[in-house]
>>> print(open('data30.pdb').read())   # PDB, C-alpha atoms, pLDDT in the B column
ATOM      1  CA  MET A   1     -77.805  32.043  59.400  1.00 79.00           C
ATOM      2  CA  LYS A   2     -74.879  29.888  59.424  1.00 80.00           C
ATOM      3  CA  GLU A   3     -75.890  28.689  56.094  1.00 83.00           C
ATOM      4  CA  VAL A   4     -76.111  32.169  54.645  1.00 82.00           C
ATOM      5  CA  THR A   5     -72.706  33.096  55.988  1.00 87.00           C
ATOM      6  CA  LEU A   6     -71.285  29.931  54.657  1.00 82.00           C
ATOM      7  CA  GLN A   7     -72.788  30.585  51.257  1.00 85.00           C
ATOM      8  CA  THR A   8     -71.523  34.148  51.298  1.00 88.00           C
ATOM      9  CA  CYS A   9     -68.094  32.963  52.303  1.00 85.00           C
ATOM     10  CA  ARG A  10     -68.070  30.462  49.480  1.00 86.00           C
ATOM     11  CA  GLU A  11     -69.217  33.061  47.030  1.00 88.00           C
ATOM     12  CA  SER A  12     -66.569  35.511  48.226  1.00 88.00           C
ATOM     13  CA  ARG A  13     -63.882  32.898  48.018  1.00 86.00           C
ATOM     14  CA  ARG A  14     -64.895  32.005  44.499  1.00 86.00           C
ATOM     15  CA  LYS A  15     -64.840  35.654  43.429  1.00 87.00           C
ATOM     16  CA  LEU A  16     -61.463  36.109  45.076  1.00 84.00           C
ATOM     17  CA  MET A  17     -60.102  33.073  43.289  1.00 84.00           C
ATOM     18  CA  ILE A  18     -61.418  34.292  39.964  1.00 84.00           C
ATOM     19  CA  GLU A  19     -59.900  37.722  40.589  1.00 82.00           C
ATOM     20  CA  ARG A  20     -56.676  36.149  41.673  1.00 80.00           C
ATOM     21  CA  VAL A  21     -56.504  34.009  38.523  1.00 79.00           C
ATOM     22  CA  GLN A  22     -57.318  37.000  36.345  1.00 79.00           C
ATOM     23  CA  ILE A  23     -54.732  39.152  38.087  1.00 78.00           C
ATOM     24  CA  GLY A  24     -52.223  36.296  37.806  1.00 77.00           C
ATOM     25  CA  GLN A  25     -52.885  36.014  34.075  1.00 74.00           C
ATOM     26  CA  VAL A  26     -52.441  39.785  33.653  1.00 72.00           C
ATOM     27  CA  LEU A  27     -49.243  39.661  35.683  1.00 72.00           C
ATOM     28  CA  ILE A  28     -47.907  36.761  33.607  1.00 73.00           C
ATOM     29  CA  GLU A  29     -48.700  38.578  30.370  1.00 71.00           C
ATOM     30  CA  ASN A  30     -47.088  41.769  31.624  1.00 69.00           C
ATOM     31  CA  LEU A  31     -44.055  40.134  33.185  1.00 69.00           C
ATOM     32  CA  PHE A  32     -43.404  37.657  30.397  1.00 66.00           C
ATOM     33  CA  GLU A  33     -43.841  39.234  27.049  1.00 65.00           C
ATOM     34  CA  LYS A  34     -45.068  36.972  24.355  1.00 62.00           C
ATOM     35  CA  ASP A  35     -42.063  35.642  22.470  1.00 58.00           C
ATOM     36  CA  GLU A  36     -41.716  33.512  19.375  1.00 54.00           C
ATOM     37  CA  SER A  37     -41.041  30.312  21.294  1.00 54.00           C
ATOM     38  CA  THR A  38     -44.614  30.280  22.560  1.00 58.00           C
ATOM     39  CA  ASP A  39     -45.991  30.486  19.022  1.00 64.00           C
ATOM     40  CA  VAL A  40     -47.123  27.056  17.773  1.00 70.00           C
ATOM     41  CA  LYS A  41     -45.705  27.457  14.270  1.00 74.00           C
ATOM     42  CA  VAL A  42     -42.340  28.606  15.544  1.00 70.00           C
ATOM     43  CA  SER A  43     -42.220  25.873  18.155  1.00 75.00           C
ATOM     44  CA  LYS A  44     -42.877  23.239  15.455  1.00 83.00           C
ATOM     45  CA  GLU A  45     -40.047  24.679  13.366  1.00 83.00           C
ATOM     46  CA  LEU A  46     -37.785  24.642  16.413  1.00 82.00           C
ATOM     47  CA  GLU A  47     -38.820  21.085  17.122  1.00 85.00           C
ATOM     48  CA  SER A  48     -37.945  19.997  13.550  1.00 87.00           C
ATOM     49  CA  VAL A  49     -34.611  21.830  13.710  1.00 88.00           C
ATOM     50  CA  LEU A  50     -33.832  20.187  17.044  1.00 88.00           C
ATOM     51  CA  GLU A  51     -34.789  16.790  15.613  1.00 90.00           C
ATOM     52  CA  LYS A  52     -32.451  17.325  12.645  1.00 92.00           C
ATOM     53  CA  GLN A  53     -29.713  18.419  15.023  1.00 91.00           C
ATOM     54  CA  ARG A  54     -30.247  15.307  17.137  1.00 90.00           C
ATOM     55  CA  LYS A  55     -30.077  13.032  14.059  1.00 91.00           C
ATOM     56  CA  LEU A  56     -26.945  14.759  12.788  1.00 91.00           C
ATOM     57  CA  SER A  57     -25.343  14.477  16.218  1.00 90.00           C
ATOM     58  CA  VAL A  58     -26.134  10.767  16.321  1.00 91.00           C
ATOM     59  CA  ASP A  59     -24.637  10.328  12.811  1.00 92.00           C
ATOM     60  CA  ILE A  60     -21.522  12.267  13.818  1.00 92.00           C
ATOM     61  CA  LEU A  61     -21.087  10.103  16.918  1.00 92.00           C
ATOM     62  CA  LYS A  62     -21.531   6.893  14.879  1.00 91.00           C
ATOM     63  CA  LYS A  63     -18.981   8.041  12.320  1.00 93.00           C
ATOM     64  CA  HIS A  64     -16.620   9.120  15.069  1.00 92.00           C
ATOM     65  CA  LYS A  65     -16.866   5.661  16.616  1.00 91.00           C
ATOM     66  CA  ALA A  66     -16.231   4.015  13.229  1.00 92.00           C
ATOM     67  CA  LEU A  67     -13.270   6.328  12.587  1.00 93.00           C
ATOM     68  CA  THR A  68     -11.897   5.547  16.031  1.00 92.00           C
ATOM     69  CA  ASN A  69     -12.012   1.831  15.184  1.00 91.00           C
ATOM     70  CA  ILE A  70     -10.352   2.444  11.833  1.00 93.00           C
ATOM     71  CA  GLN A  71      -7.704   4.641  13.450  1.00 93.00           C
ATOM     72  CA  SER A  72      -6.893   1.902  15.953  1.00 92.00           C
ATOM     73  CA  LYS A  73      -6.514  -0.575  13.062  1.00 93.00           C
ATOM     74  CA  VAL A  74      -4.251   1.896  11.236  1.00 94.00           C
ATOM     75  CA  ASP A  75      -2.159   2.290  14.386  1.00 93.00           C
ATOM     76  CA  GLN A  76      -1.857  -1.489  14.690  1.00 94.00           C
ATOM     77  CA  MET A  77      -0.802  -1.711  11.040  1.00 94.00           C
ATOM     78  CA  LYS A  78       1.822   0.994  11.594  1.00 94.00           C
ATOM     79  CA  VAL A  79       3.238  -0.925  14.555  1.00 94.00           C
ATOM     80  CA  GLU A  80       3.263  -4.129  12.487  1.00 93.00           C
ATOM     81  CA  ASN A  81       4.916  -2.267   9.606  1.00 92.00           C
ATOM     82  CA  LEU A  82       7.646  -0.992  11.913  1.00 93.00           C
ATOM     83  CA  ARG A  83       8.213  -4.542  13.188  1.00 93.00           C
ATOM     84  CA  ASN A  84       8.447  -5.797   9.595  1.00 91.00           C
ATOM     85  CA  ILE A  85      10.933  -3.058   8.710  1.00 91.00           C
ATOM     86  CA  ALA A  86      13.091  -3.968  11.709  1.00 91.00           C
ATOM     87  CA  GLN A  87      12.904  -7.653  10.803  1.00 91.00           C
ATOM     88  CA  ASN A  88      13.807  -6.879   7.174  1.00 88.00           C
ATOM     89  CA  ARG A  89      16.827  -4.889   8.323  1.00 90.00           C
ATOM     90  CA  GLU A  90      17.986  -7.789  10.475  1.00 89.00           C
ATOM     91  CA  LEU A  91      17.570 -10.167   7.536  1.00 87.00           C
ATOM     92  CA  MET A  92      19.459  -7.802   5.228  1.00 88.00           C
ATOM     93  CA  ILE A  93      22.303  -7.610   7.721  1.00 89.00           C
ATOM     94  CA  PHE A  94      22.281 -11.404   7.936  1.00 86.00           C
ATOM     95  CA  LEU A  95      22.149 -11.852   4.154  1.00 84.00           C
ATOM     96  CA  GLU A  96      24.868  -9.330   3.314  1.00 88.00           C
ATOM     97  CA  PRO A  97      27.789 -11.735   3.991  1.00 85.00           C
ATOM     98  CA  THR A  98      25.945 -14.479   2.129  1.00 84.00           C
ATOM     99  CA  ASN A  99      25.540 -12.163  -0.870  1.00 84.00           C
ATOM    100  CA  GLN A 100      29.246 -11.317  -0.706  1.00 86.00           C
ATOM    101  CA  ASN A 101      30.087 -15.040  -0.666  1.00 83.00           C
ATOM    102  CA  LEU A 102      27.758 -15.599  -3.596  1.00 83.00           C
ATOM    103  CA  LYS A 103      29.419 -12.777  -5.541  1.00 85.00           C
ATOM    104  CA  THR A 104      32.812 -14.321  -4.848  1.00 84.00           C
ATOM    105  CA  VAL A 105      31.608 -17.719  -6.093  1.00 79.00           C
ATOM    106  CA  VAL A 106      30.103 -16.119  -9.215  1.00 78.00           C
ATOM    107  CA  GLU A 107      33.350 -14.254  -9.879  1.00 80.00           C
ATOM    108  CA  LYS A 108      35.323 -17.495  -9.502  1.00 76.00           C
ATOM    109  CA  TYR A 109      32.879 -19.215 -11.843  1.00 74.00           C
ATOM    110  CA  ASN A 110      33.187 -16.382 -14.344  1.00 72.00           C
ATOM    111  CA  THR A 111      36.964 -16.617 -14.040  1.00 73.00           C
ATOM    112  CA  LYS A 112      36.758 -20.370 -14.673  1.00 71.00           C
ATOM    113  CA  SER A 113      34.398 -19.699 -17.531  1.00 73.00           C
ATOM    114  CA  GLN A 114      36.854 -17.211 -19.008  1.00 75.00           C
ATOM    115  CA  GLU A 115      39.623 -19.694 -18.417  1.00 78.00           C
ATOM    116  CA  SER A 116      37.686 -22.431 -20.220  1.00 80.00           C
ATOM    117  CA  ARG A 117      36.979 -20.050 -23.119  1.00 79.00           C
ATOM    118  CA  PHE A 118      40.660 -19.232 -23.256  1.00 81.00           C
ATOM    119  CA  LEU A 119      41.502 -22.955 -23.331  1.00 83.00           C
ATOM    120  CA  GLU A 120      38.971 -23.532 -26.119  1.00 86.00           C
ATOM    121  CA  ASP A 121      40.478 -20.682 -28.126  1.00 85.00           C
ATOM    122  CA  LEU A 122      43.928 -22.136 -27.486  1.00 88.00           C
ATOM    123  CA  ALA A 123      42.761 -25.574 -28.695  1.00 89.00           C
ATOM    124  CA  LYS A 124      41.371 -23.992 -31.907  1.00 89.00           C
ATOM    125  CA  LEU A 125      44.619 -22.162 -32.480  1.00 87.00           C
ATOM    126  CA  LYS A 126      46.558 -25.417 -31.961  1.00 88.00           C
ATOM    127  CA  LYS A 127      44.323 -27.150 -34.538  1.00 87.00           C
ATOM    128  CA  GLU A 128      44.894 -24.350 -37.030  1.00 83.00           C
ATOM    129  CA  ASN A 129      48.612 -24.497 -36.283  1.00 82.00           C
ATOM    130  CA  ARG A 130      48.647 -28.260 -36.928  1.00 81.00           C
ATOM    131  CA  ALA A 131      46.723 -27.724 -40.166  1.00 78.00           C
ATOM    132  CA  PHE A 132      49.295 -25.154 -41.339  1.00 76.00           C
ATOM    133  CA  GLN A 133      52.027 -27.539 -40.250  1.00 77.00           C
ATOM    134  CA  TYR A 134      50.520 -30.360 -42.351  1.00 75.00           C
ATOM    135  CA  ILE A 135      50.140 -28.035 -45.331  1.00 73.00           C
ATOM    136  CA  LEU A 136      53.762 -26.903 -45.067  1.00 73.00           C
ATOM    137  CA  GLN A 137      54.987 -30.455 -44.696  1.00 73.00           C
ATOM    138  CA  SER A 138      53.008 -31.439 -47.764  1.00 69.00           C
ATOM    139  CA  LEU A 139      54.362 -28.480 -49.703  1.00 68.00           C
ATOM    140  CA  ILE A 140      57.905 -29.350 -48.729  1.00 68.00           C
ATOM    141  CA  ALA A 141      57.391 -33.019 -49.585  1.00 67.00           C
ATOM    142  CA  GLY A 142      55.767 -32.085 -52.888  1.00 63.00           C
ATOM    143  CA  SER A 143      58.503 -29.650 -53.873  1.00 64.00           C
ATOM    144  CA  ARG A 144      61.299 -32.203 -53.202  1.00 63.00           C
ATOM    145  CA  SER A 145      59.756 -34.779 -55.363  1.00 63.00           C
ATOM    146  CA  SER A 146      60.022 -33.050 -58.699  1.00 65.00           C
ATOM    147  CA  THR A 147      56.269 -33.526 -59.177  1.00 66.00           C
ATOM    148  CA  ASP A 148      54.193 -30.435 -59.947  1.00 67.00           C
ATOM    149  CA  TRP A 149      51.329 -30.982 -57.512  1.00 63.00           C
ATOM    150  CA  ALA A 150      49.602 -27.786 -58.620  1.00 68.00           C
ATOM    151  CA  ALA A 151      49.216 -29.153 -62.158  1.00 73.00           C
ATOM    152  CA  ASP A 152      47.776 -32.511 -61.088  1.00 73.00           C
ATOM    153  CA  PRO A 153      44.149 -32.086 -59.884  1.00 80.00           C
ATOM    154  CA  GLU A 154      44.287 -35.135 -57.585  1.00 76.00           C
ATOM    155  CA  LEU A 155      47.458 -33.958 -55.857  1.00 68.00           C
ATOM    156  CA  LEU A 156      46.056 -30.432 -55.682  1.00 71.00           C
ATOM    157  CA  SER A 157      42.921 -31.674 -53.851  1.00 75.00           C
ATOM    158  CA  ILE A 158      45.084 -33.801 -51.513  1.00 70.00           C
ATOM    159  CA  MET A 159      47.237 -30.736 -50.739  1.00 67.00           C
ATOM    160  CA  LEU A 160      44.175 -28.578 -50.092  1.00 69.00           C
ATOM    161  CA  ARG A 161      42.705 -31.228 -47.805  1.00 68.00           C
ATOM    162  CA  ALA A 162      45.957 -31.530 -45.911  1.00 63.00           C
ATOM    163  CA  GLY A 163      44.916 -28.683 -43.570  1.00 57.00           C
ATOM    164  CA  LYS A 164      41.597 -30.294 -42.673  1.00 58.00           C
ATOM    165  CA  GLU A 165      41.235 -33.001 -40.122  1.00 53.00           C
ATOM    166  CA  LEU A 166      39.977 -36.238 -41.580  1.00 41.00           C
TER     167      LEU A 166
END
>>> encode(input="data30.pdb", output="structure tokens")
Amino acid sequence: MKEVTLQTCRESRRKLMIERVQIGQVLIENLFEKDESTDVKVSKELESVLEKQRKLSVDILKKHKALTNIQSKVDQMKVENLRNIAQNRELMIFLEPTNQNLKTVVEKYNTKSQESRFLEDLAKLKKENRAFQYILQSLIAGSRSSTDWAADPELLSIMLRAGKEL
């Protein structure tokens, strides 16, 4: 008898479990309506979209890291540029008096150059003056000596050469 009761109990338990599972399945279906996320095709599409999103996110993060590195280099270059500008200003301030001194020296040189040109012009004028002086002296000497120097070709050439330096 024990055995029969035990068998009956087992059989009843098994039937109860089957009923419970069936009721649970009905409850799940009624409580949770079938949505698209449970469909295999839709879940594969969602999986591919999520994979693309993950890859794009990884690419964005890589590029962001690279841009961060580049931005830090640009910032360093800006700081270096500002230092160079400050240094250039200091050098310009330092060189300004030197440039003024150089301009003064150049002006003095140009003045000396103009002075030397003036002296050269003066020397040329003195030469021309001496040449005219020699010509006049020759004319005076030739006119006192009752000789017609214009008629004699040799005297004429001597008179014409009198203004040139020999």
>>> atom_distance(input="data30.pdb", atom1="CA of Lys78 in chain A", atom2="CA of Leu91 in chain A")
19.7 Å
>>> atom_distance(input="data30.pdb", atom1="CA of Ser72 in chain A", atom2="CA of Asp59 in chain A")
19.9 Å
>>> atom_distance(input="data30.pdb", atom1="CA of Tyr134 in chain A", atom2="CA of Ser116 in chain A")
26.8 Å
